[in-house]
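*Asks:* The structure file work09.txt (compact mmCIF, C-alpha atoms) is provided below.
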# COMPACT_ATOMS: atom_id res chain seq x y z
CA SER A 13 -11.86 -6.02 -21.93
CA GLN A 14 -9.81 -8.47 -19.90
CA THR A 15 -11.30 -10.86 -17.39
CA ILE A 16 -9.77 -13.43 -15.07
CA HIS A 17 -11.50 -16.57 -13.87
CA GLN A 18 -10.68 -18.96 -11.07
CA TRP A 19 -12.28 -22.24 -10.14
CA PRO A 20 -13.45 -23.73 -8.06
CA ALA A 21 -14.63 -20.91 -5.81
CA THR A 22 -14.48 -23.08 -2.70
CA LEU A 23 -12.92 -26.46 -2.01
CA VAL A 24 -12.76 -28.75 1.01
CA GLN A 25 -10.17 -31.49 0.76
CA PRO A 26 -8.78 -34.12 3.17
CA VAL A 27 -5.14 -34.10 4.19
CA GLY A 28 -3.05 -36.09 1.74
CA SER A 29 -5.37 -35.60 -1.22
CA PRO A 30 -4.27 -33.98 -4.50
CA LEU A 31 -5.10 -30.43 -5.55
CA SER A 32 -5.68 -28.67 -8.82
CA LEU A 33 -6.75 -25.03 -9.02
CA GLU A 34 -7.22 -23.36 -12.36
CA CYS A 35 -6.92 -19.79 -13.52
CA THR A 36 -7.66 -18.45 -16.97
CA VAL A 37 -7.40 -14.98 -18.44
CA GLU A 38 -9.41 -13.64 -21.37
CA GLY A 39 -8.87 -10.63 -23.58
CA THR A 40 -5.09 -10.38 -23.53
CA SER A 41 -2.09 -12.24 -24.91
CA ASN A 42 1.09 -13.43 -23.21
CA PRO A 43 0.22 -12.04 -19.78
CA ASN A 44 2.39 -12.40 -16.73
CA LEU A 45 0.57 -14.72 -14.35
CA TYR A 46 0.82 -15.05 -10.56
CA TRP A 47 -0.39 -17.31 -7.76
CA TYR A 48 -0.71 -15.86 -4.26
CA ARG A 49 -1.84 -17.41 -1.00
CA GLN A 50 -3.57 -15.47 1.72
CA ALA A 51 -3.75 -17.23 5.08
CA ALA A 52 -6.31 -16.13 7.67
CA GLY A 53 -5.33 -12.76 9.11
CA ARG A 54 -2.16 -12.60 7.03
CA GLY A 55 -1.02 -10.68 3.99
CA LEU A 56 -0.43 -12.01 0.51
CA GLN A 57 2.36 -14.46 -0.13
CA LEU A 58 3.58 -14.81 -3.71
CA LEU A 59 3.87 -18.50 -4.54
CA PHE A 60 4.66 -18.62 -8.27
CA TYR A 61 4.81 -16.36 -11.26
CA SER A 62 5.12 -17.01 -14.97
CA VAL A 63 6.18 -14.77 -17.85
CA GLY A 64 5.39 -17.30 -20.58
CA ILE A 65 4.27 -20.83 -21.44
CA GLY A 66 6.29 -23.36 -19.48
CA GLN A 67 8.21 -20.64 -17.61
CA ILE A 68 7.54 -20.89 -13.88
CA SER A 69 9.37 -19.13 -11.07
CA SER A 70 8.87 -20.40 -7.53
CA GLU A 71 9.08 -18.03 -4.63
CA VAL A 72 8.51 -20.31 -1.68
CA PRO A 73 9.67 -23.95 -1.48
CA GLN A 74 6.73 -26.11 -0.46
CA ASN A 75 4.61 -29.02 -1.60
CA LEU A 76 2.83 -26.93 -4.25
CA SER A 77 3.70 -26.66 -7.92
CA ALA A 78 2.47 -24.56 -10.82
CA SER A 79 2.18 -25.10 -14.53
CA ARG A 80 1.30 -22.99 -17.53
CA PRO A 81 0.20 -25.36 -20.31
CA GLN A 82 -1.35 -22.60 -22.42
CA ASP A 83 -0.72 -18.89 -22.82
CA ARG A 84 -3.63 -17.80 -20.66
CA GLN A 85 -3.96 -20.77 -18.31
CA PHE A 86 -2.21 -21.13 -14.99
CA ILE A 87 -2.65 -24.18 -12.76
CA LEU A 88 -1.70 -24.67 -9.12
CA SER A 89 -1.25 -28.26 -7.99
CA SER A 90 -0.26 -30.46 -5.12
CA LYS A 91 0.21 -34.21 -4.90
CA LYS A 92 -0.55 -34.38 -1.18
CA LEU A 93 -2.22 -31.56 0.71
CA LEU A 94 -1.15 -30.50 4.20
CA LEU A 95 -3.28 -28.78 6.83
CA SER A 96 -1.08 -25.72 6.40
CA ASP A 97 -2.16 -25.44 2.75
CA SER A 98 -5.53 -24.07 3.84
CA GLY A 99 -6.10 -20.49 2.74
CA PHE A 100 -7.42 -18.19 0.08
CA TYR A 101 -5.65 -18.62 -3.24
CA LEU A 102 -5.56 -15.72 -5.64
CA CYS A 103 -4.50 -15.67 -9.24
CA ALA A 104 -3.45 -12.41 -10.89
CA TRP A 105 -2.26 -11.20 -14.26
CA SER A 106 -0.35 -8.21 -15.59
CA MET A 107 0.75 -6.98 -19.00
CA SER A 108 3.68 -8.76 -20.56
CA GLY A 109 7.08 -7.14 -20.37
CA LEU A 110 6.19 -4.52 -17.77
CA SER A 111 7.54 -5.47 -14.39
CA THR A 112 5.93 -2.49 -12.74
CA ASP A 113 2.51 -2.78 -14.30
CA THR A 114 -0.74 -3.17 -12.44
CA GLN A 115 -1.69 -6.66 -11.34
CA TYR A 116 -5.34 -7.63 -11.73
CA PHE A 117 -6.73 -10.25 -9.40
CA GLY A 118 -9.23 -13.05 -9.83
CA PRO A 119 -12.07 -13.78 -7.40
CA GLY A 120 -10.04 -16.36 -5.47
CA THR A 121 -10.46 -19.95 -4.30
CA ARG A 122 -11.11 -20.72 -0.64
CA LEU A 123 -9.33 -23.99 0.20
CA THR A 124 -9.95 -25.79 3.47
CA VAL A 125 -7.84 -28.84 4.24
CA LEU A 126 -9.28 -31.08 6.96
CA ALA B 14 15.49 -4.87 -1.15
CA GLN B 15 12.04 -3.37 -1.19
CA SER B 16 9.64 -3.68 1.73
CA VAL B 17 6.28 -2.30 2.81
CA THR B 18 4.99 -1.58 6.31
CA GLN B 19 1.37 -0.88 7.06
CA LEU B 20 0.89 0.65 10.50
CA GLY B 21 -2.21 -0.60 12.24
CA SER B 22 -3.73 -3.93 11.34
CA HIS B 23 -7.16 -2.62 12.37
CA VAL B 24 -8.52 0.92 12.05
CA SER B 25 -11.97 2.09 13.14
CA VAL B 26 -13.56 5.35 12.06
CA SER B 27 -17.02 6.81 12.38
CA GLU B 28 -19.16 7.23 9.31
CA GLY B 29 -18.38 10.64 7.81
CA ALA B 30 -14.97 10.89 9.47
CA LEU B 31 -11.59 11.08 7.77
CA VAL B 32 -10.01 7.80 6.75
CA LEU B 33 -6.21 7.59 7.04
CA LEU B 34 -4.42 4.31 6.35
CA ARG B 35 -0.66 4.39 6.67
CA CYS B 36 1.92 2.82 4.41
CA ASN B 37 5.68 3.24 4.52
CA TYR B 38 8.03 1.68 2.03
CA SER B 39 11.68 0.92 1.68
CA SER B 40 13.25 0.94 -1.75
CA SER B 41 16.69 1.63 -3.14
CA VAL B 42 15.23 2.72 -6.47
CA PRO B 43 12.24 4.93 -7.31
CA PRO B 44 9.24 2.83 -6.31
CA TYR B 45 5.97 2.13 -8.00
CA LEU B 46 3.31 2.04 -5.30
CA PHE B 47 -0.19 0.63 -5.22
CA TRP B 48 -3.22 0.48 -2.94
CA TYR B 49 -5.70 -2.37 -3.27
CA VAL B 50 -8.99 -3.05 -1.50
CA GLN B 51 -10.37 -6.49 -0.66
CA TYR B 52 -13.96 -7.14 0.35
CA PRO B 53 -14.73 -10.37 2.22
CA ASN B 54 -14.15 -13.51 0.17
CA GLN B 55 -13.28 -11.54 -2.93
CA GLY B 56 -10.15 -10.79 -4.91
CA LEU B 57 -8.19 -7.55 -4.71
CA GLN B 58 -9.33 -4.47 -6.57
CA LEU B 59 -6.94 -1.68 -7.52
CA LEU B 60 -7.76 1.62 -5.81
CA LEU B 61 -4.90 3.71 -7.16
CA LYS B 62 -1.26 3.62 -8.14
CA TYR B 63 1.75 5.90 -8.25
CA THR B 64 4.35 5.46 -10.97
CA THR B 65 5.91 8.82 -11.84
CA GLY B 66 4.76 12.43 -12.08
CA ALA B 67 2.17 13.98 -9.79
CA THR B 68 2.69 12.86 -6.21
CA LEU B 69 -0.98 13.19 -5.26
CA VAL B 70 -2.84 10.30 -6.84
CA LYS B 71 -6.61 10.08 -7.02
CA GLY B 72 -8.31 6.73 -7.16
CA ILE B 73 -11.73 5.19 -7.21
CA ASN B 74 -14.43 5.60 -4.54
CA GLY B 75 -13.07 8.98 -3.41
CA PHE B 76 -9.72 7.69 -2.17
CA GLU B 77 -6.42 9.41 -2.76
CA ALA B 78 -2.81 8.91 -1.70
CA GLU B 79 0.24 11.12 -1.63
CA PHE B 80 3.74 9.92 -2.42
CA LYS B 81 6.21 11.57 -0.05
CA LYS B 82 9.75 10.59 -0.91
CA SER B 83 11.29 12.38 2.08
CA GLU B 84 9.06 10.39 4.44
CA THR B 85 9.07 7.19 2.35
CA SER B 86 5.30 7.16 2.75
CA PHE B 87 2.24 6.54 0.61
CA HIS B 88 -0.69 7.00 2.98
CA LEU B 89 -4.25 6.44 1.78
CA THR B 90 -6.95 8.97 2.68
CA LYS B 91 -10.62 9.63 2.14
CA PRO B 92 -12.28 12.76 3.51
CA SER B 93 -15.52 11.13 4.60
CA ALA B 94 -15.93 7.44 5.40
CA HIS B 95 -18.91 5.50 4.16
CA MET B 96 -20.21 2.22 5.52
CA SER B 97 -19.35 0.60 2.19
CA ASP B 98 -15.64 1.41 2.76
CA ALA B 99 -15.39 -1.34 5.37
CA ALA B 100 -12.87 -3.76 3.89
CA GLU B 101 -9.21 -4.74 4.04
CA TYR B 102 -6.69 -2.49 2.36
CA PHE B 103 -3.27 -3.52 1.07
CA CYS B 104 -0.34 -1.35 0.12
CA ALA B 105 2.18 -2.78 -2.34
CA VAL B 106 5.47 -1.80 -3.94
CA SER B 107 6.64 -3.09 -7.29
CA VAL B 108 10.04 -4.73 -7.35
CA THR B 109 11.88 -2.96 -10.13
CA SER B 110 14.62 -5.50 -10.66
CA GLY B 111 12.78 -7.01 -13.61
CA THR B 112 11.38 -9.93 -11.68
CA TYR B 113 7.75 -8.82 -12.07
CA LYS B 114 6.95 -9.04 -8.38
CA TYR B 115 5.05 -6.97 -5.87
CA ILE B 116 5.80 -6.78 -2.18
CA PHE B 117 2.55 -6.48 -0.23
CA GLY B 118 2.01 -5.08 3.21
CA THR B 119 0.17 -7.19 5.76
CA GLY B 120 -3.04 -5.24 5.30
CA THR B 121 -5.24 -2.91 7.35
CA ARG B 122 -8.81 -3.86 8.12
CA LEU B 123 -11.03 -0.78 8.12
CA LYS B 124 -14.17 -0.77 10.23
CA VAL B 125 -16.72 2.01 9.78
CA LEU B 126 -18.95 2.75 12.76
CA ALA B 127 -22.49 4.05 12.32
Please express what this file holds, its structure, as structure tokens.
*Replies:*
Amino acid sequence: SQTIHQWPATLVQPVGSPLSLECTVEGTSNPNLYWYRQAAGRGLQLLFYSVGIGQISSEVPQNLSASRPQDRQFILSSKKLLLSDSGFYLCAWSMSGLSTDTQYFGPGTRLTVL
Amino acid sequence: AQSVTQLGSHVSVSEGALVLLRCNYSSSVPPYLFWYVQYPNQGLQLLLKYTTGATLVKGINGFEAEFKKSETSFHLTKPSAHMSDAAEYFCAVSVTSGTYKYIFGTGTRLKVLA
């Protein structure tokens, strides 16, 4: 069966510091991968998605970036965090080639920027 | 362009009462629709989805939803609320333009009163 992991589970970082959040998927090959952000009391905002290694689509221009160095690894990064980057970050995956397929979510990372 | 509207950011019901969470969508093509549940500080879990075929969809935990094209609705119901149903619920529509994206509603927080 497929599983999705995210780490760390929680993170407190000062403004201006770098960020690296990692997501890995097990039990499937060439998944579509997604990064979402959920701010307090808000819905889910799609940040990036990837349909293959090195293929990243950005939905919202901001100081975040994403990379996919391996088939089942998706990384969210920032060089300098802003207060507005605080939130709950969710990674998700879906089957390759099916744009309408179910997305399965990881447990999330709670980021607080102080 | 597709969109999703969830009416009521907060809904309270008594234990044992009917749960009704509303979702309306806008789509120029036949939509694929999803309901997810999120418990505090956790990722999203799929409750049910509609793709094609039967318009009444049954999901996990006793939930079901009915796709009504004429009303552009996909409301979520459960005949009898349980305390464990307290969570946030998200409706989503799949963007069928081949871009592998969902559009999420802003969520409805369900409170179950003893």
*Asks:* Quick check: residues of chain B within 9 Å of chain A, only C-alpha atoms, returned as a PyMOL selection string.
*Replies:* chain B and resi 44-45+47+54-59+62+64+103+106-120
*Asks:* For each of A:His17, A:Leu31, A:Gly64, A:Gly99, take the minimum atom-to-atom distance to Tyr48 in chain A, counting all atoms listed in the file, then give the residue where this is smallest.
*Replies:*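 Closest to Tyr48 in chain A, using all atoms listed in the file: A:Gly99.
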*Asks:* May I have the residues within 12 Å of range 75-84 of chain B as JSON, numbers by chain, using all atoms listed in the file and disregarding those fewer than 4 positions away in the same chain?
*Replies:* {"B": [31, 32, 33, 34, 35, 36, 37, 38, 39, 40, 41, 42, 43, 44, 45, 46, 47, 48, 49, 50, 59, 60, 61, 62, 63, 64, 65, 66, 67, 68, 69, 70, 71, 88, 89, 90, 91, 92, 93, 94, 95, 97, 98, 102, 104, 106]}
*Asks:* One number please: CA of Glu38 in chain A to CA of Val24 in chain A, in Å, one decimal.
*Replies:*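 Between CA of Glu38 in chain A and CA of Val24 in chain A the gap works out to 27.2 Å.
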*Asks:* Which value, in Å to one decimal, gives the distance between CA of Leu88 in chain A and CA of Glu101 in chain B?
*Replies:* 25.0 Å
*Asks:* Using all atoms listed in the file - which residues lie no farther than 7 Å from the point (-10.7, -9.1, 5.4) in the file's frame? Write them as a ChimeraX atom specification.
*Replies:* /B:51-53,100-101,122
*Asks:* List as a count of residues only the residues having at least one atom at most 8 Å from position (-2.1, -12.6, -24.3) as given in the file, counting only C-alpha atoms.
*Replies:* 9
*Asks:* Name the residues in contact with range 23-25 of chain B at a cut-off of 7 Å, using only C-alpha atoms, excluding same-chain residues fewer than 4 positions from it; report them as a VMD selection string.
*Replies:* chain B and resid 121 to 125
